[in-house]
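final.txt, holding compact mmCIF, C-alpha atoms and all ligand atoms:
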# COMPACT_ATOMS: atom_id res chain seq x y z
CA MET A 1 -10.10 -69.53 -5.46
CA VAL A 2 -7.60 -66.69 -5.55
CA ALA A 3 -9.37 -63.40 -6.23
CA THR A 4 -7.11 -61.81 -8.84
CA LEU A 5 -4.51 -62.91 -11.36
CA ALA A 6 -1.93 -60.75 -9.59
CA HIS A 7 -2.58 -62.52 -6.28
CA LEU A 8 -2.30 -65.90 -8.00
CA LEU A 9 1.10 -65.04 -9.50
CA LEU A 10 2.32 -63.61 -6.18
CA LEU A 11 1.13 -66.71 -4.33
CA ARG A 12 2.90 -69.03 -6.79
CA SER A 13 6.08 -66.92 -6.47
CA GLU A 14 6.24 -67.25 -2.69
CA ALA A 15 8.07 -70.56 -2.69
CA GLY A 16 10.92 -69.21 -4.82
CA GLU A 17 12.16 -70.08 -8.29
CA PRO A 18 11.20 -71.61 -10.56
CA ALA A 19 7.68 -70.33 -9.92
CA LEU A 20 5.15 -72.30 -11.95
CA LEU A 21 1.56 -71.60 -12.80
CA TRP A 22 -0.53 -74.53 -14.01
CA GLY A 23 -3.26 -74.15 -16.61
CA ARG A 24 -5.89 -75.65 -14.31
CA GLU A 25 -5.43 -72.74 -11.87
CA ALA A 26 -4.88 -70.14 -14.55
CA LYS A 27 -7.92 -71.09 -16.66
CA PRO A 28 -10.41 -68.78 -14.87
CA PHE A 29 -8.11 -65.88 -15.76
CA TYR A 30 -7.60 -66.75 -19.43
CA GLY A 31 -8.37 -63.76 -21.66
CA PRO A 32 -6.80 -60.55 -22.96
CA ALA A 33 -5.18 -59.61 -19.62
CA PHE A 34 -3.59 -63.05 -19.43
CA ASP A 35 -2.38 -62.92 -23.02
CA ARG A 36 -0.83 -59.53 -22.40
CA LEU A 37 1.27 -61.00 -19.56
CA ILE A 38 2.57 -63.62 -21.99
CA VAL A 39 3.51 -60.91 -24.50
CA ALA A 40 5.16 -58.90 -21.68
CA GLY A 41 7.23 -61.93 -20.69
CA VAL A 42 5.75 -62.20 -17.19
CA LEU A 43 4.43 -65.65 -18.10
CA VAL A 44 6.51 -67.96 -20.25
CA ALA A 45 4.59 -70.92 -21.69
CA ARG A 46 6.27 -74.29 -21.11
CA ALA A 47 6.04 -77.36 -23.27
CA PRO A 48 2.78 -79.30 -22.70
CA ALA A 49 3.01 -81.93 -19.99
CA LEU A 50 3.42 -85.52 -21.23
CA GLU A 51 3.16 -87.12 -17.81
CA TRP A 52 0.96 -86.73 -14.77
CA GLN A 53 1.55 -87.29 -11.09
CA VAL A 54 0.74 -90.81 -9.89
CA CYS A 55 -2.45 -91.36 -7.93
CA ASP A 56 -2.33 -91.06 -4.16
CA ASP A 57 -0.87 -94.15 -2.41
CA CYS A 58 -0.31 -95.92 -5.73
CA ASP A 59 1.68 -99.16 -5.75
CA CYS A 60 2.78 -98.77 -9.37
CA GLY A 61 6.26 -97.71 -8.26
CA ARG A 62 6.47 -94.99 -10.86
CA ASP A 63 7.30 -91.34 -10.36
CA TRP A 64 4.98 -90.27 -13.15
CA ARG A 65 2.19 -91.89 -15.11
CA PRO A 66 1.66 -91.48 -18.86
CA ILE A 67 -1.00 -89.28 -20.41
CA GLU A 68 -2.82 -91.07 -23.22
CA ARG A 69 -5.42 -89.97 -25.72
CA ILE A 70 -8.37 -92.37 -25.38
CA ASP A 71 -11.54 -91.85 -27.44
CA GLY A 72 -10.59 -88.21 -27.98
CA ARG A 73 -10.07 -87.61 -24.27
CA LEU A 74 -6.84 -87.03 -22.41
CA VAL A 75 -6.40 -89.59 -19.64
CA ALA A 76 -3.69 -89.93 -17.02
CA VAL A 77 -3.64 -93.70 -16.87
CA CYS A 78 -2.96 -95.69 -13.73
CA PRO A 79 -1.19 -98.90 -14.77
CA LEU A 80 -2.72 -100.81 -11.85
CA ASP A 81 -6.24 -99.51 -11.41
CA HIS A 82 -8.27 -97.97 -14.20
CA ALA A 83 -10.76 -96.69 -11.67
CA ALA A 84 -7.98 -94.30 -10.62
CA ASP A 85 -7.56 -92.91 -14.14
CA VAL A 86 -7.91 -89.14 -14.33
CA VAL A 87 -9.57 -87.46 -17.29
CA LEU A 88 -7.78 -84.21 -18.05
CA ASP A 89 -8.76 -80.99 -19.77
CA PRO A 90 -6.35 -79.60 -22.39
CA GLU A 91 -5.56 -76.74 -19.97
CA ASP A 92 -4.29 -79.28 -17.46
CA LEU A 93 -1.30 -79.90 -19.70
CA GLU A 94 -0.47 -76.23 -19.95
CA SER A 95 1.88 -74.50 -17.59
CA TYR A 96 3.77 -71.23 -17.37
CA GLU A 97 6.93 -70.14 -15.69
CA ILE A 98 6.62 -66.81 -13.87
CA ASN A 99 9.52 -64.49 -14.66
CA PRO A 100 10.21 -62.62 -11.40
CA ALA A 101 11.92 -59.58 -12.94
CA ALA A 102 9.08 -59.13 -15.43
CA LEU A 103 6.49 -59.55 -12.67
CA VAL A 104 8.20 -56.86 -10.57
CA HIS A 105 8.33 -54.61 -13.63
CA GLU A 106 4.60 -55.16 -14.18
CA ILE A 107 3.84 -54.21 -10.55
CA ALA A 108 6.05 -51.10 -10.74
CA VAL A 109 4.55 -49.85 -14.00
CA SER A 110 0.98 -50.54 -12.85
CA SER A 111 1.72 -48.58 -9.66
CA GLY A 112 2.92 -45.53 -11.57
CA PHE A 113 6.67 -45.84 -10.99
CA VAL A 114 8.56 -44.28 -13.87
CA GLY A 115 12.04 -45.64 -13.23
CA GLU A 116 12.92 -49.30 -13.73
CA PRO A 117 13.01 -51.34 -10.48
CA SER A 118 16.53 -52.24 -9.42
CA GLU A 119 17.53 -55.52 -7.80
CA VAL A 120 19.50 -54.52 -4.71
CA ILE A 121 20.51 -58.04 -3.68
CA GLY A 122 19.13 -61.38 -4.87
CA GLY A 123 15.35 -61.05 -5.00
CA LEU A 124 15.14 -57.68 -3.21
CA TRP A 125 13.74 -55.04 -5.55
CA HIS A 126 13.81 -51.30 -4.97
CA LEU A 127 10.79 -49.76 -6.69
CA GLY A 128 11.50 -46.14 -5.78
CA ARG A 129 9.84 -43.46 -3.74
CA SER A 130 6.09 -43.42 -3.16
CA ALA A 131 4.01 -40.26 -3.55
CA SER A 132 4.18 -39.80 0.23
CA GLY A 133 7.98 -40.05 0.18
CA ARG A 134 8.43 -43.61 1.45
CA GLN A 135 11.11 -45.80 -0.05
CA LEU A 136 9.38 -48.88 -1.39
CA PHE A 137 10.88 -52.37 -1.64
CA LEU A 138 9.43 -55.66 -2.85
CA VAL A 139 10.36 -59.30 -2.44
CA LEU A 140 8.43 -62.12 -4.10
CA SER A 141 9.60 -65.18 -2.16
CA ARG A 142 9.79 -65.99 1.53
CA VAL A 143 13.38 -67.17 1.18
CA CYS A 144 14.35 -63.74 -0.16
CA ALA A 145 12.43 -61.97 2.58
CA LEU A 146 14.23 -63.89 5.32
CA GLN A 147 17.75 -63.94 3.85
CA PRO A 148 20.55 -62.55 6.03
CA GLY A 149 21.66 -59.04 5.13
CA LEU A 150 18.30 -57.98 3.72
CA ILE A 151 17.71 -55.20 6.24
CA ALA A 152 21.26 -53.87 5.85
CA ALA A 153 20.80 -53.84 2.07
CA ILE A 154 17.56 -51.88 2.42
CA ARG A 155 19.22 -49.38 4.76
CA LEU A 156 22.15 -48.90 2.36
CA VAL A 157 19.78 -47.59 -0.31
CA ASP A 158 18.52 -44.76 1.85
CA GLY A 159 18.96 -45.12 5.59
CA ALA A 160 17.22 -41.86 6.36
CA SER A 161 13.86 -42.52 4.76
CA GLN A 162 10.63 -44.07 5.90
CA THR A 163 10.59 -47.52 4.35
CA THR A 164 7.95 -50.06 3.40
CA LEU A 165 8.70 -53.63 2.33
CA ILE A 166 6.07 -55.62 0.43
CA THR A 167 6.64 -59.31 1.04
CA PRO A 168 4.86 -62.67 1.25
CA ALA A 169 3.01 -62.87 4.54
CA LEU A 170 5.39 -63.25 7.49
CA SER A 171 4.70 -64.59 10.96
CA ALA A 172 4.71 -62.23 13.92
CA ALA A 173 8.11 -63.59 14.97
CA GLU A 174 9.54 -63.09 11.48
CA SER A 175 8.22 -59.52 11.38
CA VAL A 176 9.91 -58.45 14.61
CA ARG A 177 13.34 -57.71 13.17
CA PHE A 178 11.77 -55.50 10.50
CA ALA A 179 9.80 -53.58 13.10
CA GLU A 180 12.98 -53.14 15.17
CA ALA A 181 14.73 -51.72 12.10
CA GLY A 182 11.86 -49.29 11.53
CA ILE A 183 10.80 -51.01 8.30
CA HIS A 184 7.05 -51.19 7.78
CA VAL A 185 6.09 -54.60 6.39
CA VAL A 186 3.02 -55.13 4.22
CA SER A 187 1.96 -58.52 2.86
CA SER A 188 1.71 -58.62 -0.92
CA GLU A 189 -1.83 -59.95 -0.65
CA GLU A 190 -2.80 -56.85 1.34
CA GLY A 191 -0.71 -54.26 -0.44
CA ILE A 192 -1.23 -55.16 -4.09
CA GLY A 193 -4.46 -55.12 -6.06
CA ASP A 194 -8.02 -53.88 -5.86
CA SER A 195 -7.07 -50.23 -5.61
CA GLY A 196 -6.50 -49.04 -9.16
CA GLU A 197 -7.36 -50.07 -12.66
CA SER A 198 -4.86 -52.92 -12.61
CA CYS A 199 -4.85 -55.79 -10.14
CA PHE A 200 -1.04 -55.41 -10.15
CA ALA A 201 -1.15 -51.87 -8.73
CA ILE A 202 0.14 -51.21 -5.23
CA ASP A 203 -2.44 -49.62 -2.93
CA PRO A 204 -0.78 -46.41 -1.63
CA ALA A 205 -3.06 -46.38 1.44
CA LYS A 206 -1.48 -49.66 2.62
CA LEU A 207 2.09 -48.36 2.60
CA GLU A 208 1.76 -46.22 5.72
CA PRO A 209 1.82 -47.77 9.18
CA ALA A 210 -1.53 -47.40 10.93
CA ARG A 211 -1.39 -44.26 13.00
CA ILE A 212 -1.56 -45.16 16.67
CA SER A 213 -4.32 -43.19 18.32
CA ALA A 214 -2.66 -40.48 20.38
CA THR A 215 -5.81 -38.92 21.76
CA ARG A 216 -5.43 -37.99 25.42
CA LEU A 217 -8.43 -35.75 25.88
CA SER A 218 -11.79 -36.41 24.30
CA ILE A 219 -14.72 -34.06 24.74
CA VAL A 220 -18.29 -34.57 23.55
CA ARG A 221 -20.18 -31.29 23.58
CA SER A 222 -23.72 -32.70 23.30
CA SER A 223 -23.41 -35.00 26.32
CA GLN A 224 -20.91 -32.83 28.26
CA ARG A 225 -18.65 -35.87 28.45
CA VAL A 226 -14.93 -35.63 29.21
CA VAL A 227 -12.45 -38.52 28.99
CA LEU A 228 -8.83 -37.82 29.93
CA ASP A 229 -6.20 -40.53 29.51
CA GLY A 230 -8.92 -43.13 29.22
CA ILE A 231 -10.79 -42.15 32.40
CA GLU A 232 -14.11 -40.31 32.39
CA ARG A 233 -14.09 -37.09 34.46
CA HIS A 234 -17.10 -35.29 35.83
CA VAL A 235 -16.95 -31.64 34.76
CA PRO A 236 -19.94 -29.35 35.56
CA GLN A 237 -21.30 -26.93 33.02
CA GLN A 238 -19.24 -23.77 33.67
CA PRO A 239 -15.81 -25.40 33.82
CA PHE A 240 -16.91 -27.62 30.91
CA ARG A 241 -17.50 -24.50 28.78
CA LEU A 242 -14.03 -23.29 29.74
CA LEU A 243 -12.51 -26.65 28.77
CA VAL A 244 -14.21 -26.52 25.37
CA LEU A 245 -12.90 -22.98 24.84
CA LEU A 246 -9.35 -24.06 25.73
CA ALA A 247 -9.61 -27.15 23.48
CA GLU A 248 -10.95 -25.14 20.53
CA THR A 249 -8.07 -22.71 20.85
CA ALA A 250 -5.48 -25.50 21.13
CA ILE A 251 -6.89 -27.21 18.02
CA ARG A 252 -7.35 -24.11 15.87
CA LYS A 253 -4.24 -22.08 16.48
CA GLY A 254 -2.61 -23.14 19.72
CA GLY A 255 -1.71 -20.57 22.36
CA PHE A 256 -3.50 -18.94 25.24
CA VAL A 257 -7.05 -17.84 25.93
CA ARG A 258 -6.99 -14.45 27.63
CA ARG A 259 -8.45 -14.02 31.08
CA VAL A 260 -10.82 -11.29 29.89
CA GLU A 261 -12.29 -13.64 27.24
CA ILE A 262 -12.97 -16.29 29.89
CA GLU A 263 -14.60 -13.82 32.25
CA ALA A 264 -16.71 -12.28 29.48
CA ALA A 265 -18.16 -15.74 28.75
CA ASN A 266 -18.87 -16.53 32.42
CA SER A 267 -20.41 -13.53 34.11
CA GLY A 268 -19.84 -13.30 37.83
CA ARG A 269 -16.85 -15.64 38.15
CA THR A 270 -13.18 -14.89 37.91
CA ALA A 271 -11.08 -16.82 35.42
CA SER A 272 -8.74 -18.07 38.15
CA ASP A 273 -11.71 -19.43 40.10
CA LEU A 274 -13.05 -21.28 37.05
CA VAL A 275 -9.63 -22.67 36.16
CA ARG A 276 -9.16 -23.91 39.71
CA GLU A 277 -12.51 -25.74 39.53
CA LEU A 278 -11.65 -27.26 36.14
CA ARG A 279 -8.24 -28.42 37.40
CA ASP A 280 -9.94 -30.01 40.44
CA CYS A 281 -12.45 -31.82 38.22
CA LEU A 282 -9.79 -33.20 35.90
CA ALA A 283 -7.43 -34.21 38.72
CA ALA A 284 -10.06 -35.87 40.92
CA GLY A 285 -9.01 -39.47 41.47
CA ALA A 286 -6.01 -39.21 39.11
CA ALA A 287 -2.87 -41.16 39.99
CA GLU A 288 -0.72 -38.05 39.41
CA PRO A 289 -3.07 -35.16 40.26
CA ASP A 290 -0.34 -32.49 40.09
CA GLN A 291 0.57 -33.54 36.54
CA VAL A 292 -3.06 -33.35 35.52
CA ARG A 293 -3.37 -29.86 37.02
CA ARG A 294 -0.41 -28.75 34.91
CA LEU A 295 -2.37 -29.67 31.77
CA ILE A 296 -3.79 -26.17 32.08
CA LYS A 297 -0.90 -23.74 31.77
CA THR A 298 -1.03 -20.24 33.25
CA ARG A 299 0.48 -17.14 31.66
CA ARG A 300 1.03 -14.01 33.70
CA SER A 301 1.08 -11.19 31.17
CA PRO A 302 -1.16 -10.79 29.39
CA SER A 303 -3.00 -13.03 31.77
CA GLY A 304 -4.32 -16.22 30.13
CA TYR A 305 -4.62 -20.00 30.13
CA ALA A 306 -3.84 -22.79 27.65
CA LEU A 307 -4.05 -26.56 27.37
CA ALA A 308 -0.65 -28.26 27.43
CA LEU A 309 -1.75 -30.67 24.70
CA GLU A 310 -1.05 -30.86 20.97
CA SER A 311 -4.03 -30.56 18.65
CA HIS A 312 -3.74 -34.24 17.61
CA GLU A 313 -4.02 -35.25 21.27
CA ILE A 314 -7.47 -33.64 21.54
CA ASP A 315 -10.69 -35.04 20.12
CA LEU A 316 -13.45 -32.43 20.34
CA ARG A 317 -16.86 -33.34 18.98
ZN ZN A 401 -2.10 -95.56 -9.67
Take the structure I supplied and represent it as C-alpha cells, if you would.
Amino acid sequence: MVATLAHLLLLRSEAGEPALLWGREAKPFYGPAFDRLIVAGVLVARAPALEWQVCDDCDCGRDWRPIERIDGRLVAVCPLDHAADVVLDPEDLESYEINPAALVHEIAVSSGFVGEPSEVIGGLWHLGRSASGRQLFLVLSRVCALQPGLIAAIRLVDGASQTTLITPALSAAESVRFAEAGIHVVSSEEGIGDSGESCFAIDPAKLEPARISATRLSIVRSSQRVVLDGIERHVPQQPFRLLVLLAETAIRKGGFVRRVEIEAANSGRTASDLVRELRDCLAAGAAEPDQVRRLIKTRRSPSGYALALESHEIDLR
C-alpha cells in the first residue's frame, strides 16, 4: 500500500490526465484530511460507477458488466458465470478526478511557498525559490517531464540559478539530459512527504544534490593514521605532529605555520629537516611524488610552511 495520501495522488498523476483515484484505493485515507482535499478542489468526486470491468478472460464479449443490487449487496454480475461475480463495497463505486493545478497549489502551500505556482509550459510548474536559493520546479506526469523544450523552458525562468526539478521517477537514461543541463532531479516519492506536518510538504533536505566527498587528506590522531588521495601513508610520530599542526591551521584559518612555532614544538630538530621528512613520507610510492611534495608550501619571509589544501579537502579527527 502507498504510505501517504500525497504519494497516492502523485502516483495516480504520473500517467497524465485525467488522473483518477478510485474509492477502493482511497478508502484507507478517508477522513478529515481527505475531505479537506475535496473542499480545496484537489479531488473532484465523480458520479458513482454503474458498470464494472469484465472478469479476466471472459467470453461474454462485453466491454463492461452491469452492477446490480442483490440481497442488499452490490454485485458486478458476470452474464456467463456467476462464480465470477464480484461483490463490491460502496466505496468501489466511488472515484475522484485529481485536479493537477489544485494538487500543485496544495504542495506549494504545504511547503511554505507564498506566491502562487505558475505553469511555465504545459504541466511544468515553477514553485519559486527555496530557502537555500534554488529555483524549484515540479511536474506531475512522465509525459510532461519528458516533453521537448522542458529544459529550455526551465532555463528561461532563471538560467543563472541552481535548479531542482521534482518529477515522477525517471530512468538513469532519462535523467542524463537533466544532469547535463545542471538540473538536479528528485523523484516526487523521495522529495515530497514525511518531513513536515503535511504529507504534501517538500523536504528541503532532498533539494540539494548530494555533496561529493572531496576529502584528499584524512588524519586520525588516535591511531596516527594518514590517508592521502585514498592511499595510506606511513608517517612517524614527529612528522605526524607537524602534519596535524599544518592541518589544524589550514582548517581553522588557512595560512602558514611559522618556522619558530614548529621548532618550539619539536626540540632539537630544525623545521626544514622535519618538513623534508614529512614530504618524503607522503611522497613515498606516489605516482607523482613531486606533486605530493608540493602539498607542503614553503614561505621565505617570515619563514613558514602551509598545506596546499582547502579546509574541506582535509578530514582531521
Ligand atoms: Zn465474465
Surroundings of ligand ZN 401 (chain A) up to 12 Å, based on only C-alpha atoms and all ligand atoms, as number ranges by chain: A: 52-66, 76-86
Spatial neighbours of A:Thr249, max dist 12 Å, only C-alpha atoms, sep filter under 4 positions, as a PyMOL selection string: chain A and resi 242-245+253-258+261+304-311+314+316
Coordinates-based distance that separates atom CA of A:Leu10 from atom CA of A:Thr164 (Å, one decimal): 17.5 Å
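With all atoms listed in the file as the atoms that count, the minimum distance from A:Arg241 to the choices A:Val227, A:Ala47, A:Ile262, A:Ile192 is reached by A:Ile262.
Taking atom CA of A:Ala45 as the reference point, atom CA of A:Thr167 is found at 25.6 Å.
Candidate residues A:Val2, A:Val44, A:Leu295, A:Ile154 were compared for distance to A:Glu189, and the nearest is A:Val2, using only C-alpha atoms.
With all atoms listed in the file as the basis for measurement, A:Asp315 is the residue among A:Glu51, A:Asp315, A:Glu14, A:Glu116 that approaches A:Val220 most closely.
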Who sits within 7 Å of A:Trp125, only C-alpha atoms, same chain under 2 positions skipped, as a ChimeraX atom specification: /A:117-120,123,127,137-139
For A:Phe200: contacts at 8 Å, only C-alpha atoms, fewer than 3 positions along chain excluded, given as an NGL selection string: :A and (6 or 106-107 or 110-111 or 192-193)
Nearby residues, (3.3, -67.3, 4.7) file frame, 9 Å, only C-alpha atoms, as a PyMOL selection string: chain A and resi 14+142+168-171
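Of the residues under consideration (A:Ala247, A:Val292, A:Ile98, A:Leu93), A:Val292 shows the shortest atom-to-atom contact distance to A:Arg276 when counting all atoms listed in the file.
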Close residues, A:Val260 itself excluded, 12 Å, all atoms listed in the file, min 6 positions apart in chain, as a ChimeraX atom specification: /A:266-267,269-272,301-305
